[in-house]
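Structure first, then comments.
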Amino acid sequence: MAWELDNTRSIYLQIVEEIERRIMTGRYPPGSRLAPVRELANEAGVNPNTVQKAFAELERSGLVFSVRTSGRFVTEDAERIREMRKEVARKASEQFIRQMQELGFEKEEILQILEEIKETKAGDTDA
Amino acid sequence: MRDLIVCQNLSKQYGKGIRALDDVSFSLDSGRIVGLLGPNGSGKTTLLKLANGLLQPTSGEILIAGNAPGPETKAVVSYLPDAEYLFPWMNISALLEMFEDFYKDFNQQKAVSMLASLGLDPNAKLKTLSKGNKEKVQLILAMSREAQVYFLDEPIGGVDPAARDYILNTIISNYSEDALVMLSTHLIADIERVLDEVIFLQEGRVVLHDSVDNIRAQHGKSVDALFREVFRC
């Protein structure tokens with residue numbers, strides 16, 4: 001089914017973000033070939049020109065490269081992908097910490113909560 | 001192709017009083033899917049009828065690949081009117097034969113596979129079908145031509161959401177780089193993600209002509225939300 005897209009933001013940017021996410025999570029591994037524009041447009045339920053524009057943006061940033069006649073590929077630069085993941089993790093953590101601070105938690109308490117969750121999660125997997 | 005459709009100072013007046021279109025100008029390139037949006041009575045159907053030669057302009061002109069509507073344009077334009085126009089006593093296969101005879105660019109195989117996907121029986125007579133299914137048949141016939149321009153007047157108004165998704169996907173996957181799809185609708189939320197650009201008509205005038213991504217970036221809202229704001233009653 002079509003991708004979940006936010007109605008208030010540019011569609012092509014959201015396509016860029018989704019492809020970045022898929023590269024970071026390893027669904028699109030380094031060096032792998034991307035689906036053709038039309039196929040991806042169908043999957044996302046968007047206009048092919050929009051996907052084209054998203055690919056152009058990804059190529060500009062170097063995350064994706066195209067080889068004449070054989071298609072588009074994910075960069076082979078695994079280091080770059082690791083960096084991106086770290087960057088996203090840092091942003092998510094910052095946001096989490098901000099929210100916790102708004103609720104009035106101090107550093108020690110936040111760490112304690114994280115420890116507790118980690119233990120429960122570990123318990124879950126054992127069971 | 002640049003400027004596949006050029007509309008210049010196009011006006012249409014019905015009788016003495018009503019200006020259905022008032023000095024409309026725009027141009028459209030191929031490879032685009034364009035939404036023609038506006039409230040009821042804003043001139044959408046009038047514009048599409050002018051583009052297909054069903055009406056003559058009061059002044060101004062509309063050109064398709066350089067030609068005024070006529071035999072040359074009808075050979076390359078696939079038009080889905082907003083009304084039922086096929087003989088109700090015909091069955092679907094006979095309609096396919098008729099289209100095959102009428103249009104060089106009609107791809108019967110495509111039509112057959114679309115009929116199957118939407119669960120329509122080729123032996124069914126048109127008059128035995130529900131309103132929504134009749135609309136699907138008309139749309140399948142229109143989309144099965146390998147045309148340069150598709151003018152679709154309210155293509156998804158009467159069909160259920162699942163068929164709507166299928167039809168939108170068909171539009172996305174069928175149209176080619178050198179084709180242009182122009183569709184009128186008021187179901188904006190359902191289709192805006194497949195549109196490249198939109199034209200807003202209000203009382204026969206173009207009040208906005210921009211790309212969907214520009215509109216979202218500039219206004220921070222969907223085309224649907226902007227429409228509701230511009231045309232608030």
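By order of appearance in the structure tokens: chains A, B, ..., then residues from 1 within every chain, and ligands from 1 in the order shown.
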
Near A:Glu17, counting only C-alpha atoms, which residues have an atom at most 12 Å away, once you skip same-chain residues fewer than 4 positions from it, shown as a list in words?
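Surrounding residues, per the criterion: Trp3, Leu5, Asp6, Arg9, Ser10, Ile11, Tyr12, Leu13, Arg21, Arg22, Ile23, Met24, Val51, Ala54, Phe55, Glu57, Leu58, Leu63, Met84 and Val88 of chain A.
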
Could the residues in this selection be written to a file with N, CA and C atoms, as a short mmCIF file (atom, residue, chain, number, x, y, z; two decimals), in the first residue's frame?
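Result written to result.cif:
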data_model
loop_
_atom_site.label_atom_id
_atom_site.label_comp_id
_atom_site.auth_asym_id
_atom_site.auth_seq_id
_atom_site.Cartn_x
_atom_site.Cartn_y
_atom_site.Cartn_z
N TRP A 3 2.74 4.75 0.79
CA TRP A 3 3.46 5.16 2.00
C TRP A 3 2.64 6.18 2.77
N LEU A 5 2.36 9.51 4.25
CA LEU A 5 3.05 10.78 4.04
C LEU A 5 2.34 11.89 4.79
N ASP A 6 3.13 12.83 5.25
CA ASP A 6 2.59 14.00 5.95
C ASP A 6 2.06 14.97 4.89
N ARG A 9 3.92 18.67 4.23
CA ARG A 9 5.31 18.90 3.80
C ARG A 9 5.52 18.43 2.37
N SER A 10 6.56 18.98 1.74
CA SER A 10 6.88 18.60 0.37
C SER A 10 6.96 17.08 0.26
N ILE A 11 6.36 16.56 -0.80
CA ILE A 11 6.33 15.11 -0.96
C ILE A 11 7.72 14.57 -1.26
N TYR A 12 8.46 15.29 -2.13
CA TYR A 12 9.76 14.75 -2.54
C TYR A 12 10.72 14.64 -1.36
N LEU A 13 10.64 15.62 -0.41
CA LEU A 13 11.51 15.55 0.78
C LEU A 13 11.18 14.33 1.62
N ARG A 21 16.08 6.52 5.34
CA ARG A 21 15.79 5.63 6.47
C ARG A 21 16.04 4.17 6.06
N ARG A 22 15.60 3.83 4.87
CA ARG A 22 15.77 2.44 4.42
C ARG A 22 17.25 2.09 4.23
N ILE A 23 18.03 3.10 3.84
CA ILE A 23 19.47 2.86 3.70
C ILE A 23 20.09 2.67 5.08
N MET A 24 19.67 3.51 6.03
CA MET A 24 20.23 3.43 7.38
C MET A 24 19.87 2.14 8.09
N VAL A 51 9.40 11.19 -7.50
CA VAL A 51 10.45 10.23 -7.15
C VAL A 51 11.75 10.61 -7.86
N ALA A 54 13.35 13.29 -5.99
CA ALA A 54 13.94 12.77 -4.75
C ALA A 54 15.28 12.09 -5.06
N PHE A 55 15.33 11.31 -6.13
CA PHE A 55 16.57 10.64 -6.54
C PHE A 55 17.65 11.66 -6.88
N GLU A 57 17.97 14.57 -5.66
CA GLU A 57 18.44 15.12 -4.39
C GLU A 57 19.40 14.15 -3.70
N LEU A 58 19.07 12.86 -3.70
CA LEU A 58 19.92 11.85 -3.07
C LEU A 58 21.26 11.71 -3.81
N LEU A 63 24.53 10.10 -1.54
CA LEU A 63 24.09 8.87 -0.89
C LEU A 63 23.72 7.79 -1.91
N MET A 84 25.61 8.71 9.35
CA MET A 84 24.23 9.18 9.27
C MET A 84 23.39 8.58 10.38
N VAL A 88 21.35 10.59 13.34
CA VAL A 88 19.92 10.43 13.61
C VAL A 88 19.70 10.01 15.06
#

Test item, strand (DSSP E or B) assignment across stretch 38-188 of chain B, answer as a ChimeraX atom specification
/B:59-64,67,77-80,91,106,125,145,149-153,180-184

What are the closest atom pairs, with distances in Å to one decimal, for all residues of chain B lying within 6 Å of chain A? Consider only C-alpha atoms, order rows by chain and residue number, and present the result as a tab-separated table.
residue	atom	partner	partner_atom	distance
B:Arg193	CA	A:Val46	CA	5.2
B:Val194	CA	A:Asn47	CA	4.3
B:Asp213	CA	A:Ser10	CA	4.8
B:Arg216	CA	A:Ser10	CA	5.5
B:Ala217	CA	A:Ser10	CA	5.9
B:Gly220	CA	A:Thr8	CA	5.4
B:Lys221	CA	A:Thr8	CA	4.1
B:Ser222	CA	A:Thr8	CA	4.8

Just the selected residues (C-alpha atoms), exported as a PDB file, in the first residue's frame, please.
ATOM      1  CA  ARG B 193       0.194  13.112  -4.074  1.00  0.00           C
ATOM      2  CA  VAL B 194       0.042  12.019  -7.707  1.00  0.00           C
ATOM      3  CA  ASP B 213       5.565  20.786  -3.713  1.00  0.00           C
ATOM      4  CA  ARG B 216       3.293  22.812   0.404  1.00  0.00           C
ATOM      5  CA  ALA B 217       6.653  24.508   0.920  1.00  0.00           C
ATOM      6  CA  GLY B 220       2.987  24.712   4.940  1.00  0.00           C
ATOM      7  CA  LYS B 221      -0.248  22.948   4.165  1.00  0.00           C
ATOM      8  CA  SER B 222      -1.692  20.447   1.758  1.00  0.00           C
TER       9      SER B 222
END

Which residues are near B:Leu129? Cut-off 12 Å, only C-alpha atoms, ignore same chain within fewer than 6 positions. Put them as a PyMOL selection string.
chain B and resi 88-92+119-123+135-138

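The spacing separating atom CA of B:Val76 from atom CA of B:Ser211 amounts to 25.1 Å.
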
Just the helix (DSSP H, G or I) stuff from stretch 73-170 of chain B, please, per backbone DSSP, written as a PyMOL selection string.
chain B and resi 73-76+92-102+108-117+126-128+131-143+161-170

Keeping only C-alpha atoms, write the selected residues to a file as a tab-separated table (two decimals), in the first residue's frame.
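Below is the file that was written, out24.tsv:
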chain	number	residue	atom	x	y	z
B	73	THR	CA	-6.08	16.80	-31.79
B	74	LYS	CA	-8.79	14.16	-31.38
B	75	ALA	CA	-6.37	11.56	-32.71
B	76	VAL	CA	-3.95	12.26	-29.87
B	92	ILE	CA	-18.31	-4.22	-22.60
B	93	SER	CA	-16.58	-6.36	-25.26
B	94	ALA	CA	-18.55	-4.61	-27.98
B	95	LEU	CA	-17.38	-1.29	-26.56
B	96	LEU	CA	-13.78	-2.48	-26.75
B	97	GLU	CA	-14.32	-3.40	-30.40
B	98	MET	CA	-15.81	0.01	-31.06
B	99	PHE	CA	-12.86	1.80	-29.48
B	100	GLU	CA	-10.47	-0.45	-31.40
B	101	ASP	CA	-12.21	0.69	-34.62
B	102	PHE	CA	-12.28	4.36	-33.67
B	108	GLN	CA	-7.25	-3.64	-26.18
B	109	GLN	CA	-5.02	-5.89	-24.12
B	110	LYS	CA	-4.55	-3.15	-21.59
B	111	ALA	CA	-8.30	-2.65	-21.37
B	112	VAL	CA	-8.92	-6.38	-20.88
B	113	SER	CA	-6.40	-6.63	-18.07
B	114	MET	CA	-7.80	-3.55	-16.33
B	115	LEU	CA	-11.34	-4.94	-16.59
B	116	ALA	CA	-10.13	-8.15	-14.98
B	117	SER	CA	-8.33	-6.30	-12.17
B	126	LEU	CA	-23.53	-1.32	-19.72
B	127	LYS	CA	-27.08	-0.67	-18.53
B	128	THR	CA	-26.90	-3.54	-16.05
B	131	LYS	CA	-23.15	3.93	-11.57
B	132	GLY	CA	-19.66	3.40	-10.16
B	133	ASN	CA	-18.97	0.43	-12.43
B	134	LYS	CA	-20.14	2.36	-15.49
B	135	GLU	CA	-17.67	5.07	-14.56
B	136	LYS	CA	-14.93	2.48	-14.25
B	137	VAL	CA	-15.68	1.17	-17.75
B	138	GLN	CA	-15.53	4.68	-19.23
B	139	LEU	CA	-12.29	5.38	-17.44
B	140	ILE	CA	-10.74	2.08	-18.55
B	141	LEU	CA	-11.63	2.91	-22.16
B	142	ALA	CA	-10.06	6.36	-21.83
B	143	MET	CA	-6.90	5.11	-20.13
B	161	PRO	CA	-11.74	4.02	-2.44
B	162	ALA	CA	-10.11	0.70	-3.37
B	163	ALA	CA	-10.87	1.19	-7.07
B	164	ARG	CA	-9.73	4.79	-6.69
B	165	ASP	CA	-6.29	3.61	-5.55
B	166	TYR	CA	-6.13	1.21	-8.46
B	167	ILE	CA	-7.12	3.92	-10.92
B	168	LEU	CA	-4.56	6.38	-9.56
B	169	ASN	CA	-1.88	3.71	-9.81
B	170	THR	CA	-2.99	3.06	-13.36

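Within 8 Å of stretch 65-71 of chain B there are Asp3, Leu4, Ile5, Val6, Leu50, Ala51, Asn52 and Gly53 of chain B, counting only C-alpha atoms and ignoring same-chain residues fewer than 5 positions away.
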
Could you turn the residues from that selection into a file that holds N, CA and C atoms, as a short mmCIF file (atom, residue, chain, number, x, y, z; two decimals), in the first residue's frame?
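Okay, this is what ended up in part_16.cif:
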data_model
loop_
_atom_site.label_atom_id
_atom_site.label_comp_id
_atom_site.auth_asym_id
_atom_site.auth_seq_id
_atom_site.Cartn_x
_atom_site.Cartn_y
_atom_site.Cartn_z
N ASP B 3 5.19 23.29 -23.63
CA ASP B 3 3.97 23.91 -24.11
C ASP B 3 3.11 22.99 -24.97
N LEU B 4 2.87 21.80 -24.47
CA LEU B 4 2.02 20.85 -25.20
C LEU B 4 0.60 21.41 -25.28
N ILE B 5 0.20 22.05 -24.20
CA ILE B 5 -1.11 22.72 -24.21
C ILE B 5 -0.89 24.20 -23.91
N VAL B 6 -1.41 25.03 -24.78
CA VAL B 6 -1.32 26.47 -24.56
C VAL B 6 -2.73 27.05 -24.61
N LEU B 50 -14.06 22.86 -24.08
CA LEU B 50 -13.40 23.71 -25.09
C LEU B 50 -12.16 23.01 -25.64
N ALA B 51 -11.43 22.35 -24.74
CA ALA B 51 -10.20 21.68 -25.16
C ALA B 51 -10.51 20.53 -26.10
N ASN B 52 -11.71 19.99 -26.02
CA ASN B 52 -12.09 18.86 -26.86
C ASN B 52 -13.02 19.23 -28.00
N GLY B 53 -13.18 20.52 -28.22
CA GLY B 53 -13.97 20.95 -29.36
C GLY B 53 -15.46 20.74 -29.22
#

My list of candidates is B:Asp105, B:Ser27, B:Leu21, B:Gln8. Which is closest to B:Asp210 when distances are computed with only C-alpha atoms?
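Result for the nearest residue to B:Asp210: B:Ser27.
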
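The space between atom CA of A:Glu87 and atom CA of A:Lys107 spans 21.2 Å.
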
Give me, please, the distance in Å between atom CA of B:Thr46 and atom CA of B:Leu195, quoted to one decimal.
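Distance reported for this atom pair: 21.1 Å.
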
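Proximity to B:Phe106 was assessed for B:Gln202, B:Gln218, B:Ser78, B:Ser144 counting only C-alpha atoms; the smallest distance is recorded for B:Ser144.
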